[in-house]
Structures are given as structure tokens and as C-alpha cells.
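Quick look at run-v1.cif (mmCIF, C-alpha atoms and all ligand atoms):
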data_run
#
loop_
_atom_site.label_atom_id
_atom_site.label_comp_id
_atom_site.auth_asym_id
_atom_site.auth_seq_id
_atom_site.Cartn_x
_atom_site.Cartn_y
_atom_site.Cartn_z
CA MET A 396 -8.82 -60.79 3.23
CA LYS A 397 -9.82 -64.07 1.62
CA LEU A 398 -12.88 -63.97 -0.56
CA SER A 399 -15.19 -66.53 -2.11
CA ALA A 400 -15.56 -66.85 -5.87
CA PHE A 401 -18.57 -64.52 -5.57
CA GLY A 402 -16.56 -62.05 -3.48
CA ARG A 403 -13.69 -62.12 -5.94
CA LYS A 404 -15.90 -61.78 -8.98
CA PHE A 405 -17.73 -58.74 -7.64
CA THR A 406 -14.67 -56.96 -6.29
CA ALA A 407 -12.51 -57.50 -9.36
CA ASP A 408 -11.91 -54.48 -11.52
CA ALA A 409 -15.25 -54.36 -13.27
CA GLY A 410 -15.62 -52.06 -16.27
CA ILE A 411 -18.46 -50.16 -14.64
CA THR A 412 -16.57 -49.77 -11.35
CA SER A 413 -13.47 -48.32 -12.95
CA LEU A 414 -15.60 -46.08 -15.12
CA MET A 415 -17.64 -44.80 -12.16
CA ASP A 416 -14.45 -44.34 -10.10
CA ASP A 417 -12.81 -42.40 -12.86
CA LEU A 418 -15.84 -40.18 -13.37
CA GLY A 419 -16.27 -39.76 -9.59
CA ASN A 420 -12.60 -38.88 -9.02
CA ALA A 421 -12.62 -36.43 -11.89
CA MET A 422 -15.72 -34.76 -10.46
CA ALA A 423 -14.26 -34.67 -6.95
CA SER A 424 -11.03 -33.07 -8.24
CA GLY A 425 -12.72 -29.68 -7.96
CA ASP A 426 -11.75 -28.81 -11.54
CA ASP A 427 -14.41 -27.15 -13.63
CA LEU A 428 -15.18 -30.17 -15.76
CA ILE A 429 -17.80 -30.48 -18.45
CA MET A 430 -19.69 -33.62 -17.49
CA MET A 431 -20.84 -35.51 -20.54
CA GLY A 432 -19.96 -38.90 -19.17
CA GLY A 433 -22.70 -40.24 -16.94
CA GLY A 434 -26.32 -41.16 -17.50
CA ASN A 435 -27.81 -38.58 -15.18
CA PRO A 436 -31.09 -37.23 -16.49
CA GLY A 437 -31.62 -33.50 -16.88
CA HIS A 438 -33.68 -31.42 -14.47
CA ILE A 439 -37.06 -30.71 -15.98
CA PRO A 440 -38.96 -27.96 -14.14
CA GLU A 441 -42.43 -29.38 -14.93
CA VAL A 442 -41.45 -32.78 -13.50
CA HIS A 443 -40.04 -31.15 -10.36
CA GLN A 444 -43.20 -29.13 -9.91
CA ARG A 445 -45.43 -32.22 -10.06
CA VAL A 446 -43.12 -34.04 -7.62
CA ARG A 447 -43.32 -31.10 -5.24
CA GLU A 448 -47.16 -31.10 -5.38
CA ILE A 449 -47.45 -34.85 -4.87
CA LEU A 450 -44.97 -34.81 -1.99
CA ALA A 451 -46.96 -32.07 -0.30
CA ASP A 452 -50.15 -34.13 -0.70
CA ILE A 453 -48.57 -37.26 0.74
CA GLY A 454 -46.77 -35.45 3.55
CA GLY A 455 -49.94 -33.56 4.46
CA SER A 456 -51.74 -36.63 5.81
CA ASP A 457 -50.74 -39.01 8.58
CA GLU A 458 -51.85 -41.96 6.50
CA GLY A 459 -49.77 -40.76 3.51
CA LEU A 460 -46.66 -40.30 5.61
CA ARG A 461 -47.16 -43.66 7.29
CA ARG A 462 -47.33 -45.40 3.91
CA LEU A 463 -44.38 -43.39 2.58
CA VAL A 464 -41.87 -44.18 5.31
CA GLY A 465 -43.49 -46.35 7.97
CA ILE A 466 -44.28 -49.75 6.47
CA TYR A 467 -42.48 -52.51 4.61
CA ASP A 468 -44.08 -53.26 1.27
CA PRO A 469 -44.36 -56.87 0.10
CA PRO A 470 -41.30 -58.06 -1.87
CA GLN A 471 -43.27 -57.65 -5.10
CA GLY A 472 -43.62 -53.93 -4.41
CA GLU A 473 -46.18 -51.31 -3.40
CA LYS A 474 -49.63 -52.76 -4.10
CA GLN A 475 -51.57 -49.61 -4.95
CA PHE A 476 -48.99 -48.52 -7.51
CA ILE A 477 -48.92 -51.97 -9.07
CA ALA A 478 -52.72 -52.10 -9.32
CA ALA A 479 -52.85 -48.60 -10.82
CA LEU A 480 -50.12 -49.45 -13.35
CA ALA A 481 -51.79 -52.69 -14.46
CA ALA A 482 -55.11 -50.84 -14.90
CA MET A 483 -53.51 -47.97 -16.82
CA LEU A 484 -51.55 -50.25 -19.19
CA ASN A 485 -54.66 -52.38 -19.84
CA ARG A 486 -56.72 -49.27 -20.54
CA GLU A 487 -54.12 -47.83 -22.93
CA TYR A 488 -52.72 -50.92 -24.63
CA GLY A 489 -55.04 -53.83 -23.80
CA TRP A 490 -52.21 -55.96 -22.43
CA GLY A 491 -54.52 -57.95 -20.14
CA LEU A 492 -52.26 -57.53 -17.09
CA THR A 493 -53.14 -58.41 -13.53
CA PRO A 494 -51.14 -57.23 -10.52
CA ASP A 495 -49.44 -60.66 -10.67
CA ASN A 496 -47.64 -59.46 -13.81
CA ILE A 497 -45.78 -56.56 -12.18
CA ALA A 498 -42.93 -56.34 -9.66
CA LEU A 499 -40.96 -53.35 -8.42
CA THR A 500 -37.24 -53.36 -7.70
CA ASN A 501 -34.79 -50.90 -6.21
CA GLY A 502 -33.87 -49.42 -9.60
CA SER A 503 -34.03 -51.42 -12.82
CA GLN A 504 -30.30 -52.17 -12.49
CA ALA A 505 -31.20 -54.51 -9.60
CA ALA A 506 -33.85 -56.16 -11.78
CA PHE A 507 -31.23 -56.91 -14.44
CA PHE A 508 -28.94 -58.49 -11.87
CA MET A 509 -31.73 -60.80 -10.74
CA LEU A 510 -33.10 -61.59 -14.21
CA PHE A 511 -29.75 -62.27 -15.86
CA ASN A 512 -28.82 -64.68 -13.09
CA MET A 513 -32.28 -66.28 -13.12
CA PHE A 514 -31.95 -67.15 -16.80
CA GLY A 515 -28.18 -67.28 -17.34
CA GLY A 516 -25.55 -69.46 -15.70
CA ASP A 517 -25.54 -73.01 -14.35
CA TYR A 518 -28.78 -75.00 -14.91
CA GLY A 519 -27.42 -78.21 -13.39
CA ASN A 520 -26.65 -81.35 -15.47
CA GLY A 521 -23.58 -79.52 -16.71
CA GLN A 522 -25.76 -77.13 -18.68
CA ARG A 523 -24.69 -73.47 -18.71
CA LYS A 524 -26.76 -70.82 -20.44
CA HIS A 525 -25.84 -67.37 -21.65
CA ILE A 526 -27.77 -64.13 -22.13
CA LEU A 527 -27.82 -63.15 -25.79
CA LEU A 528 -27.35 -59.46 -26.63
CA PRO A 529 -28.37 -59.44 -30.30
CA LEU A 530 -27.18 -55.92 -31.00
CA ALA A 531 -23.78 -54.72 -29.76
CA PRO A 532 -22.91 -52.09 -28.60
CA GLU A 533 -25.04 -52.47 -25.46
CA TYR A 534 -25.38 -50.96 -21.97
CA ILE A 535 -22.17 -51.30 -19.95
CA GLY A 536 -24.24 -51.81 -16.78
CA TYR A 537 -25.04 -55.37 -17.90
CA ALA A 538 -21.42 -56.36 -18.31
CA ASP A 539 -20.46 -57.47 -14.81
CA THR A 540 -23.82 -58.61 -13.47
CA GLY A 541 -23.22 -62.32 -13.96
CA ILE A 542 -22.52 -64.37 -10.84
CA GLU A 543 -20.77 -66.70 -13.25
CA PRO A 544 -18.18 -65.43 -15.71
CA ASP A 545 -18.87 -64.99 -19.44
CA LEU A 546 -22.61 -64.66 -19.05
CA PHE A 547 -23.14 -62.65 -22.23
CA ARG A 548 -22.92 -63.38 -25.94
CA ALA A 549 -23.18 -60.32 -28.13
CA VAL A 550 -23.61 -60.00 -31.87
CA GLN A 551 -21.83 -57.49 -34.08
CA PRO A 552 -24.34 -55.18 -35.80
CA GLU A 553 -24.92 -54.35 -39.43
CA ILE A 554 -23.96 -50.76 -40.15
CA SER A 555 -25.97 -48.72 -42.61
CA PHE A 556 -25.21 -45.13 -43.57
CA THR A 557 -28.29 -42.96 -43.24
CA ASP A 558 -26.81 -39.56 -44.14
CA ALA A 559 -23.46 -37.93 -45.02
CA HIS A 560 -22.43 -37.96 -41.37
CA GLU A 561 -24.96 -40.38 -39.91
CA PHE A 562 -25.14 -44.15 -39.53
CA LYS A 563 -27.41 -46.69 -37.85
CA TYR A 564 -26.83 -50.10 -36.33
CA ARG A 565 -29.25 -52.86 -37.25
CA VAL A 566 -29.62 -56.38 -35.91
CA ASP A 567 -27.72 -58.79 -38.17
CA PHE A 568 -30.24 -61.63 -38.05
CA ASP A 569 -27.94 -63.89 -40.08
CA ALA A 570 -25.46 -63.72 -37.21
CA VAL A 571 -27.96 -63.98 -34.33
CA GLU A 572 -27.79 -67.55 -33.08
CA VAL A 573 -30.24 -68.77 -30.46
CA THR A 574 -29.25 -72.23 -29.22
CA GLY A 575 -30.12 -74.61 -26.41
CA GLU A 576 -27.51 -72.70 -24.39
CA THR A 577 -29.34 -69.37 -24.69
CA GLY A 578 -31.19 -68.53 -21.46
CA ALA A 579 -32.72 -65.21 -22.57
CA ILE A 580 -32.38 -62.48 -25.19
CA CYS A 581 -31.97 -58.86 -24.04
CA VAL A 582 -32.04 -55.49 -25.82
CA SER A 583 -32.16 -51.95 -24.51
CA ARG A 584 -34.64 -49.84 -26.48
CA PRO A 585 -33.61 -47.03 -26.93
CA THR A 586 -30.08 -48.30 -26.57
CA ASN A 587 -27.58 -46.90 -24.16
CA PRO A 588 -24.95 -45.93 -25.49
CA THR A 589 -26.01 -45.31 -29.09
CA GLY A 590 -29.48 -43.77 -28.98
CA ASN A 591 -30.51 -46.47 -31.46
CA VAL A 592 -34.09 -47.68 -31.38
CA VAL A 593 -34.56 -51.28 -32.40
CA THR A 594 -37.40 -51.09 -34.94
CA ASP A 595 -40.84 -52.64 -34.38
CA ASP A 596 -39.93 -55.16 -37.07
CA GLU A 597 -36.60 -56.08 -35.44
CA LEU A 598 -38.35 -56.44 -32.07
CA ALA A 599 -41.04 -58.65 -33.60
CA ARG A 600 -38.35 -60.90 -35.14
CA LEU A 601 -36.54 -61.15 -31.79
CA ALA A 602 -39.88 -61.98 -30.12
CA THR A 603 -40.44 -64.75 -32.66
CA LEU A 604 -36.99 -66.18 -31.95
CA ALA A 605 -37.70 -66.06 -28.22
CA ARG A 606 -41.06 -67.80 -28.71
CA GLU A 607 -39.59 -70.50 -30.95
CA HIS A 608 -36.99 -71.33 -28.29
CA ASP A 609 -39.32 -70.72 -25.32
CA ILE A 610 -36.98 -68.23 -23.67
CA PRO A 611 -37.78 -64.71 -22.48
CA LEU A 612 -37.11 -61.59 -24.51
CA ILE A 613 -35.98 -58.98 -22.00
CA VAL A 614 -36.67 -55.46 -23.25
CA ASP A 615 -34.90 -52.74 -21.30
CA GLY A 616 -37.15 -49.71 -21.60
CA ALA A 617 -35.25 -47.50 -19.14
CA TYR A 618 -35.51 -44.69 -21.75
CA GLY A 619 -38.35 -46.18 -23.69
CA THR A 620 -42.00 -46.69 -24.15
CA PRO A 621 -44.59 -46.26 -22.65
CA PHE A 622 -42.62 -44.02 -20.27
CA PRO A 623 -40.32 -42.04 -19.93
CA ASN A 624 -40.50 -41.98 -23.73
CA LEU A 625 -37.12 -40.49 -24.64
CA LEU A 626 -37.97 -41.51 -28.18
CA PHE A 627 -37.59 -39.39 -31.31
CA VAL A 628 -38.89 -42.03 -33.73
CA ASP A 629 -42.00 -44.18 -33.60
CA ALA A 630 -41.75 -47.29 -31.45
CA ARG A 631 -44.82 -49.34 -30.60
CA PRO A 632 -45.17 -50.26 -26.92
CA SER A 633 -45.61 -54.01 -26.79
CA TRP A 634 -45.79 -56.77 -24.23
CA ASP A 635 -46.79 -60.42 -24.15
CA GLU A 636 -46.10 -63.33 -21.80
CA GLN A 637 -42.82 -64.16 -23.54
CA MET A 638 -41.50 -60.66 -22.93
CA ILE A 639 -40.01 -59.23 -19.76
CA LEU A 640 -40.40 -55.47 -20.05
CA CYS A 641 -38.21 -53.51 -17.63
CA LEU A 642 -39.10 -49.88 -17.01
CA SER A 643 -37.70 -47.30 -14.63
CA LEU A 644 -38.63 -43.97 -13.06
CA SER A 645 -35.01 -42.79 -13.30
CA LYS A 646 -34.98 -41.13 -16.69
CA LEU A 647 -38.24 -39.32 -16.01
CA GLY A 648 -36.03 -37.33 -13.69
CA LEU A 649 -36.22 -39.47 -10.53
CA PRO A 650 -32.98 -41.52 -10.45
CA ALA A 651 -32.58 -41.11 -6.70
CA VAL A 652 -35.88 -42.81 -5.83
CA ARG A 653 -34.45 -46.08 -7.27
CA THR A 654 -37.61 -47.55 -8.73
CA GLY A 655 -37.49 -50.23 -11.39
CA ILE A 656 -40.62 -51.86 -12.80
CA VAL A 657 -40.73 -55.37 -14.27
CA ILE A 658 -43.70 -56.52 -16.35
CA ALA A 659 -43.65 -60.25 -17.04
CA SER A 660 -45.59 -63.50 -16.79
CA ALA A 661 -46.79 -64.38 -13.28
CA PRO A 662 -44.18 -67.16 -12.70
CA VAL A 663 -41.33 -64.76 -13.59
CA ILE A 664 -42.77 -62.13 -11.24
CA ARG A 665 -43.10 -64.71 -8.42
CA ALA A 666 -39.50 -65.84 -8.88
CA LEU A 667 -38.20 -62.29 -9.03
CA SER A 668 -40.15 -61.31 -5.91
CA GLY A 669 -38.63 -64.29 -4.08
CA ILE A 670 -35.10 -63.21 -4.96
CA ASN A 671 -35.98 -59.62 -4.09
CA ALA A 672 -37.18 -60.73 -0.65
CA ILE A 673 -33.83 -62.41 0.02
CA MET A 674 -31.75 -59.53 -1.28
CA ASN A 675 -33.79 -56.54 -0.10
CA LEU A 676 -36.62 -57.77 2.12
CA ALA A 677 -38.80 -55.15 0.45
CA THR A 678 -38.55 -52.63 -2.34
CA GLY A 679 -38.56 -48.98 -1.27
CA SER A 680 -42.01 -47.36 -1.52
CA PHE A 681 -40.93 -43.81 -2.22
CA GLY A 682 -40.87 -43.88 -6.04
CA ALA A 683 -44.05 -45.94 -6.24
CA MET A 684 -45.95 -43.55 -4.02
CA LEU A 685 -44.64 -40.49 -5.84
CA ALA A 686 -45.58 -41.90 -9.22
CA GLU A 687 -48.90 -43.48 -8.27
CA PRO A 688 -51.10 -40.40 -8.89
CA LEU A 689 -49.38 -39.90 -12.27
CA VAL A 690 -49.99 -43.54 -13.19
CA ARG A 691 -53.57 -43.66 -11.90
CA SER A 692 -54.59 -40.68 -14.02
CA GLY A 693 -52.43 -41.63 -17.01
CA GLU A 694 -50.56 -38.32 -16.61
CA ILE A 695 -47.27 -40.22 -16.64
CA LEU A 696 -47.89 -40.87 -20.36
CA SER A 697 -48.78 -37.28 -21.28
CA LEU A 698 -45.90 -35.94 -19.18
CA SER A 699 -43.53 -38.33 -20.97
CA ARG A 700 -44.87 -37.47 -24.45
CA ASN A 701 -45.42 -33.74 -24.06
CA VAL A 702 -42.70 -32.68 -21.65
CA VAL A 703 -39.91 -35.22 -21.21
CA CYS A 704 -39.58 -36.28 -24.85
CA PRO A 705 -39.52 -32.72 -26.29
CA PHE A 706 -37.01 -31.67 -23.59
CA TYR A 707 -34.50 -34.30 -24.75
CA GLN A 708 -35.33 -34.03 -28.43
CA ALA A 709 -34.55 -30.29 -28.39
CA LYS A 710 -31.29 -30.99 -26.55
CA MET A 711 -30.38 -33.66 -29.07
CA GLN A 712 -31.08 -31.35 -32.01
CA ARG A 713 -28.97 -28.57 -30.52
CA ALA A 714 -26.11 -30.95 -29.77
CA VAL A 715 -26.15 -32.41 -33.30
CA ALA A 716 -26.20 -28.92 -34.85
CA VAL A 717 -23.25 -27.78 -32.70
CA PHE A 718 -21.19 -30.84 -33.60
CA HIS A 719 -21.90 -30.50 -37.33
CA ASP A 720 -20.86 -26.89 -37.11
CA ALA A 721 -17.69 -27.68 -35.18
CA MET A 722 -16.69 -30.47 -37.58
CA ALA A 723 -17.55 -28.54 -40.75
CA ASP A 724 -13.89 -27.97 -41.66
CA ALA A 725 -12.65 -31.38 -40.41
CA ASP A 726 -10.51 -33.32 -42.81
CA CYS A 727 -11.49 -36.78 -41.56
CA ARG A 728 -14.43 -39.18 -41.63
CA TRP A 729 -16.86 -38.75 -38.75
CA TYR A 730 -20.38 -39.94 -38.03
CA ILE A 731 -23.08 -39.62 -35.41
CA HIS A 732 -25.30 -42.63 -34.81
CA LYS A 733 -28.85 -41.65 -35.87
CA PRO A 734 -30.07 -40.17 -32.57
CA GLU A 735 -33.42 -41.90 -32.22
CA GLY A 736 -33.77 -41.76 -28.44
CA ALA A 737 -32.16 -41.73 -24.96
CA MET A 738 -29.75 -38.91 -24.07
CA PHE A 739 -26.51 -39.74 -25.86
CA LEU A 740 -24.69 -38.94 -29.05
CA TRP A 741 -22.60 -41.89 -30.19
CA LEU A 742 -19.74 -40.51 -32.25
CA TRP A 743 -17.75 -42.68 -34.65
CA PHE A 744 -14.39 -41.63 -36.07
CA PRO A 745 -13.37 -44.31 -38.60
CA GLY A 746 -9.62 -44.79 -38.85
CA LEU A 747 -8.95 -42.64 -35.76
CA PRO A 748 -5.15 -42.76 -35.29
CA ILE A 749 -5.49 -43.26 -31.51
CA SER A 750 -7.87 -45.45 -29.52
CA SER A 751 -11.10 -44.04 -28.11
CA LEU A 752 -9.64 -44.59 -24.63
CA GLU A 753 -6.68 -42.35 -25.48
CA LEU A 754 -9.05 -39.79 -26.94
CA TYR A 755 -11.09 -39.94 -23.71
CA GLN A 756 -7.91 -39.28 -21.69
CA ARG A 757 -6.92 -36.34 -23.88
CA LEU A 758 -10.42 -34.90 -23.52
CA LYS A 759 -10.35 -35.37 -19.76
CA ALA A 760 -7.07 -33.44 -19.65
CA ARG A 761 -8.93 -30.62 -21.43
CA GLY A 762 -11.76 -30.71 -18.88
CA VAL A 763 -14.32 -32.66 -20.89
CA LEU A 764 -15.60 -35.96 -19.56
CA VAL A 765 -17.13 -38.43 -22.00
CA VAL A 766 -17.06 -42.24 -22.08
CA SER A 767 -14.81 -44.26 -24.34
CA GLY A 768 -16.93 -46.46 -26.57
CA HIS A 769 -14.88 -49.62 -26.04
CA TYR A 770 -16.67 -50.30 -22.74
CA PHE A 771 -19.98 -50.94 -24.49
CA PHE A 772 -19.33 -54.29 -26.12
CA PRO A 773 -19.99 -56.77 -23.30
CA GLY A 774 -20.10 -60.32 -24.61
CA LEU A 775 -18.50 -59.55 -27.97
CA PRO A 776 -15.31 -61.58 -28.40
CA GLU A 777 -12.16 -59.51 -28.96
CA ASP A 778 -11.75 -60.12 -32.68
CA GLY A 779 -9.71 -57.15 -33.81
CA TRP A 780 -12.81 -55.21 -34.89
CA ARG A 781 -11.43 -51.67 -34.94
CA HIS A 782 -14.80 -50.01 -34.77
CA ARG A 783 -15.12 -50.69 -31.05
CA HIS A 784 -12.09 -48.46 -30.37
CA GLU A 785 -13.29 -45.64 -32.63
CA CYS A 786 -16.40 -44.42 -30.80
CA LEU A 787 -17.28 -42.10 -27.94
CA ARG A 788 -20.47 -41.78 -25.93
CA VAL A 789 -21.42 -38.19 -25.20
CA THR A 790 -24.30 -37.36 -22.83
CA TYR A 791 -26.28 -34.26 -23.75
CA SER A 792 -28.73 -34.16 -20.83
CA GLN A 793 -27.04 -31.31 -18.98
CA ASP A 794 -26.82 -27.55 -19.59
CA ASP A 795 -26.91 -26.75 -23.34
CA GLU A 796 -24.10 -24.18 -23.25
CA ARG A 797 -21.77 -26.57 -21.44
CA VAL A 798 -22.69 -29.41 -23.79
CA ALA A 799 -21.95 -27.15 -26.77
CA GLU A 800 -18.61 -26.15 -25.26
CA GLY A 801 -17.74 -29.80 -24.68
CA LEU A 802 -18.68 -30.79 -28.22
CA ARG A 803 -16.46 -28.04 -29.63
CA VAL A 804 -13.54 -29.33 -27.55
CA ILE A 805 -14.18 -32.86 -28.84
CA ALA A 806 -14.18 -31.61 -32.44
CA ASP A 807 -11.02 -29.61 -31.83
CA GLU A 808 -9.22 -32.56 -30.23
CA VAL A 809 -10.21 -34.98 -32.99
CA LYS A 810 -8.85 -32.56 -35.57
CA ALA A 811 -5.64 -32.19 -33.51
CA VAL A 812 -5.24 -35.99 -33.39
CA TRP A 813 -5.51 -36.21 -37.16
CA ALA A 814 -3.17 -33.24 -37.63
CA GLU A 815 -0.51 -35.06 -35.57
CA ALA A 816 -0.91 -38.30 -37.51
N1 LIG B 901 -30.81 -49.70 -18.45
C1 LIG B 901 -30.17 -48.76 -19.13
C2 LIG B 901 -30.07 -48.89 -20.61
C3 LIG B 901 -29.58 -47.68 -18.45
O1 LIG B 901 -28.92 -46.74 -19.14
C4 LIG B 901 -29.69 -47.60 -17.04
C5 LIG B 901 -29.07 -46.50 -16.28
O2 LIG B 901 -28.44 -45.62 -16.79
C6 LIG B 901 -30.37 -48.63 -16.39
C7 LIG B 901 -30.93 -49.66 -17.11
C8 LIG B 901 -30.51 -48.66 -14.89
O3 LIG B 901 -31.27 -47.59 -14.44
P1 LIG B 901 -31.97 -47.55 -12.99
O4 LIG B 901 -31.32 -48.61 -12.13
O5 LIG B 901 -31.71 -46.17 -12.49
O6 LIG B 901 -33.42 -47.86 -13.22
#
Reformat the file's structure so that it appears as C-alpha cells.
Amino acid sequence: MKLSAFGRKFTADAGITSLMDDLGNAMASGDDLIMMGGGNPGHIPEVHQRVREILADIGGSDEGLRRLVGIYDPPQGEKQFIAALAAMLNREYGWGLTPDNIALTNGSQAAFFMLFNMFGGDYGNGQRKHILLPLAPEYIGYADTGIEPDLFRAVQPEISFTDAHEFKYRVDFDAVEVTGETGAICVSRPTNPTGNVVTDDELARLATLAREHDIPLIVDGAYGTPFPNLLFVDARPSWDEQMILCLSLSKLGLPAVRTGIVIASAPVIRALSGINAIMNLATGSFGAMLAEPLVRSGEILSLSRNVVCPFYQAKMQRAVAVFHDAMADADCRWYIHKPEGAMFLWLWFPGLPISSLELYQRLKARGVLVVSGHYFFPGLPEDGWRHRHECLRVTYSQDDERVAEGLRVIADEVKAVWAEA
């Protein structure tokens, strides 16, 4: 089979593809594995209950069912949901949105594909622009989205130690370079894989940089504010015309409905809707219709604050306590990134005698699936920085007992690695 450059680029061994294959094969092996590798949200009974009630309401009327499955929405997305979301965000935050500022996509992953290629790549006249990721490590799902190669430039973070076994990444503004070749800046907040939350001050400085260079600041709020609010520190929800805020229903507990939400200036939304029409004809209505009553009443915010956030925060606290306990007698340096949000512990083992990929393989052989940290540095040139091979991402969204068991195996294996060294 002969493929075009596009065909070759998107069928080459992408980091995310090999990672998903490996996780999928391991799961399909039938072994009793402890899954701490993916980004699947947990199952929250209160969320399921509301979904069940709303589904019954929709399914109970002919008109509801017709809207749910029987009509194509416009490429911008389901109109009633968009109107309700604009009204709710204006009421809560005074953002001054109109429905022209919101588009829906089939999952936020699809929005990133469109946005990165709208602002990065070939501009004609020989000009090529990159997407700047000001704080590595960043979400692996960005890595292979560029139609053109080398779409991303990432910046190594500052590391500060926040406790005996805790550290935090911060944006190194001295190293962040926005140039005429920068098409957009992008940060995930909270960050997958680290659980870091870029501070309000850092975000404001990035927004200033974006404004000065008249480029968009893309904020990936898949775990963030205003919903689903997997946030354990304060983070102000913010939006202005320079910002492209991407939200998602996935981490509320609805990953299968594939609903991404983009809030941006009207020209960005028009462009995105045009691309969406070509790629998808229309965005699926299911997520929008399910979430519309929650958005209209504002319940999506209280559910996020009072149910979803505490669910993950309690899981995080239990996971941290278990790992501290399991590492108490360890004779090596180890740190957890300050867990400020999302659903991951990012573990750092400075000076680890083997690479994080080897550690991942040894853990897999013991029935524990995590993700090697080296995948999460898209756009950062290979410069011999050891740190990127010393970290693991561990998901704690699943059953607490299993997570605890997995964390004990990780601690045991790390100690074994050092004992062999
Ligand atoms: N952004 C981040 C940081 C993520 O972790 C994910 C999924 O895990 C996504 C975006 C994409 O999510 P979805 O396409 O389900 O909205």
C-alpha cells in the first residue's frame, strides 16, 4: 500500500498509538492486571444517577428522542446546549459570551487536532509556525496531532521542592520564547500527566505573552475549571478573546459521549466549525443533550465542586498516603509531584539506575500497568536531560484497594532496582 505524506505521518508508530496498543494488549491478555495506565475517569454513583434520570426524561418524549438521535446538528454543535452554556458562564463569571463564542467537537481531542493545525504549520510564504508548550511535561495526546512534523516546541520547567518528598514544576519564563514563528501557546490545566496546576499568576503571564504577540493562548481544561473541576488548589476560571478554552464532558464521567467544548472568539469558532463540517459533518448531540439540563440550571458546577472534586481528592489523598507508607523504608530519593488536580500521581525517582521505560516493563511483568514518563515531553529536544527518564505516571481513578496494591508493587520494585544496583 502506497500512502501520501499525510497517510504515512498518521500511520507511523506514534507514541500514543504504541502506548494505547500496549495498554490494550495487556488488558486483552486476560491476566488480572492492575490498571493504573490510562486516563479513564472513575465511576461516580451520583453522576450515574443524574445521567439515568436525564436519559429517562429525554427518552420519555418523542421530541426528546428525535433530537437525541434523529437530527444532524449544525457543525458548531447543538444549539440549545450552546445557548444554555453561554448564559450560565455569563451569569457565573461575566464573560460576555454569545453562542458565537462556543463550538462543540467529538471529544476535546478532536478540537486539539483542529486547533493545532489551524495555528501551527505552513502559513505560506515559507513561514512555518509551531505550537509552544511552555511547561513540559505535557499531555502525550498532543504529540502526534500535527499534519506537519515537529509542530511543538516545549520548554523545560523549573523544579521547586515543596516538601521532603514533594516537588512542583513551574513555568521558566526566562526560557519561554515567543517568536514570529509561534502560532499559539498551549497548556493543560490541571496538567496531564503531573497533576500540576499552572497558577493564576503563571496563566496571566502567559496570557500577556499571547496578547503581546497576538496569538491565541489555548487552555486545556479537560480536568479543570469551571467543570469538571478536578482541582485541589484554587484556580480562577478565566476567559477572554485571546484565549481558547477547551473543556470536555469526559472527566465528569462521560468519556464515551465524546463531547468537547471550545470557547473562543467568534472568528476562531467559525473556522473550527468549518473544519468540523468537513471532518465530521456534525458533532454528535448525545453529550450536549445529556448535559444541557445540568448546564441550564448550573448544576454542572455544583456537581463538579461538591461531588466530582471530593471524589478525586479523597482518592488522591489515599494514594499519596499509601505510597508514603510503602516507601517509608526506601533507601533512595523519591518524590511525588504536588498533586494539585487531575487523576494522576507523577512519581520521580532521581538517579534511578534503570530507565522509566524499563521500570514500566518490570511493573507490567508484575501485573501493574502504569505509563513511563518519557512519553510526556512532546516538543522538548532530546538533550540528555535525565529527569525525563526518571518519572512514572500513575492513575488513581480506579478502585482504591487495587490502586493501593499497585502502589505497593511500584514501591517494592523501585527498592528492588536500587538493591540490584
Ligand atoms: N486533554 C487532556 C489533558 C487529556 O488528558 C485528555 C484525555 O485524557 C484530553 C484532552 C482529551 O479528552 P476527550 O477527547 O475525551 O475530551
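Rounded to one decimal, atom CA of A:Phe401 and atom CA of A:Gly541 lie 9.8 Å from each other.
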Next on the checklist: At a cut-off of 9 Å and counting all atoms listed in the file, what residues surround ligand LIG 901 (chain B)? Please answer as a count of residues only.
Outcome noted: 43
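Considering all atoms listed in the file, the residue among A:Glu687, A:Tyr791, A:Leu775, A:Leu640 positioned nearest to A:Gln712 is A:Tyr791.
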Mind checking which residues fall within 9 Å of A:Ser668, counting only C-alpha atoms, ignoring those fewer than 2 positions away in the same chain, and posting them as a compact mmCIF listing (two decimals) with C-alpha atoms, keeping the file's coordinate frame?
# COMPACT_ATOMS: atom_id res chain seq x y z
CA PRO A 469 -44.36 -56.87 0.10
CA PRO A 470 -41.30 -58.06 -1.87
CA GLN A 471 -43.27 -57.65 -5.10
CA GLY A 472 -43.62 -53.93 -4.41
CA ALA A 498 -42.93 -56.34 -9.66
CA LEU A 499 -40.96 -53.35 -8.42
CA THR A 500 -37.24 -53.36 -7.70
CA VAL A 663 -41.33 -64.76 -13.59
CA ILE A 664 -42.77 -62.13 -11.24
CA ARG A 665 -43.10 -64.71 -8.42
CA ALA A 666 -39.50 -65.84 -8.88
CA ILE A 670 -35.10 -63.21 -4.96
CA ASN A 671 -35.98 -59.62 -4.09
CA ALA A 672 -37.18 -60.73 -0.65
CA ILE A 673 -33.83 -62.41 0.02
CA ALA A 677 -38.80 -55.15 0.45
Cut-off 12 Å: closest stretch 657-765 of chain A/stretch 551-557 of chain A atom pairs per residue, using all atoms listed in the file, as JSON lines:
{"residue": "A:Trp729", "atom": "CA", "partner": "A:Phe556", "partner_atom": "CA", "distance": 11.6}
{"residue": "A:Tyr730", "atom": "CA", "partner": "A:Phe556", "partner_atom": "CA", "distance": 9.0}
{"residue": "A:Ile731", "atom": "CA", "partner": "A:Thr557", "partner_atom": "CA", "distance": 10.0}
{"residue": "A:His732", "atom": "CA", "partner": "A:Thr557", "partner_atom": "CA", "distance": 9.0}
{"residue": "A:Lys733", "atom": "CA", "partner": "A:Thr557", "partner_atom": "CA", "distance": 7.5}
{"residue": "A:Pro734", "atom": "CA", "partner": "A:Thr557", "partner_atom": "CA", "distance": 11.2}
{"residue": "A:Trp743", "atom": "CA", "partner": "A:Ile554", "partner_atom": "CA", "distance": 11.6}
Next on the checklist: Rounded to one decimal, what separation in Å do you get between atom CA of A:Ala479 and atom CA of A:Pro440?
Outcome noted: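 Taking atom CA of A:Ala479 and atom CA of A:Pro440, their separation equals 25.1 Å.
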Checklist entry - Leaving out A:Ile542 and any residue of its chain fewer than 3 positions from it, which residues lie within 8 Å of it when counting all atoms listed in the file, given as a ChimeraX atom specification? => result /A:401,404,512,516
What's the 9 Å shell around A:Ser792, counting all atoms listed in the file, without same-chain residues fewer than 3 positions away, as a tab-separated table (two decimals) with C-alpha atoms, in the frame of the given file?
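Generated output (selection.tsv):
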chain	number	residue	atom	x	y	z
A	431	MET	CA	-20.84	-35.51	-20.54
A	434	GLY	CA	-26.32	-41.16	-17.50
A	435	ASN	CA	-27.81	-38.58	-15.18
A	436	PRO	CA	-31.09	-37.23	-16.49
A	437	GLY	CA	-31.62	-33.50	-16.88
A	438	HIS	CA	-33.68	-31.42	-14.47
A	707	TYR	CA	-34.50	-34.30	-24.75
A	710	LYS	CA	-31.29	-30.99	-26.55
A	711	MET	CA	-30.38	-33.66	-29.07
A	738	MET	CA	-29.75	-38.91	-24.07
A	739	PHE	CA	-26.51	-39.74	-25.86
A	795	ASP	CA	-26.91	-26.75	-23.34
A	798	VAL	CA	-22.69	-29.41	-23.79
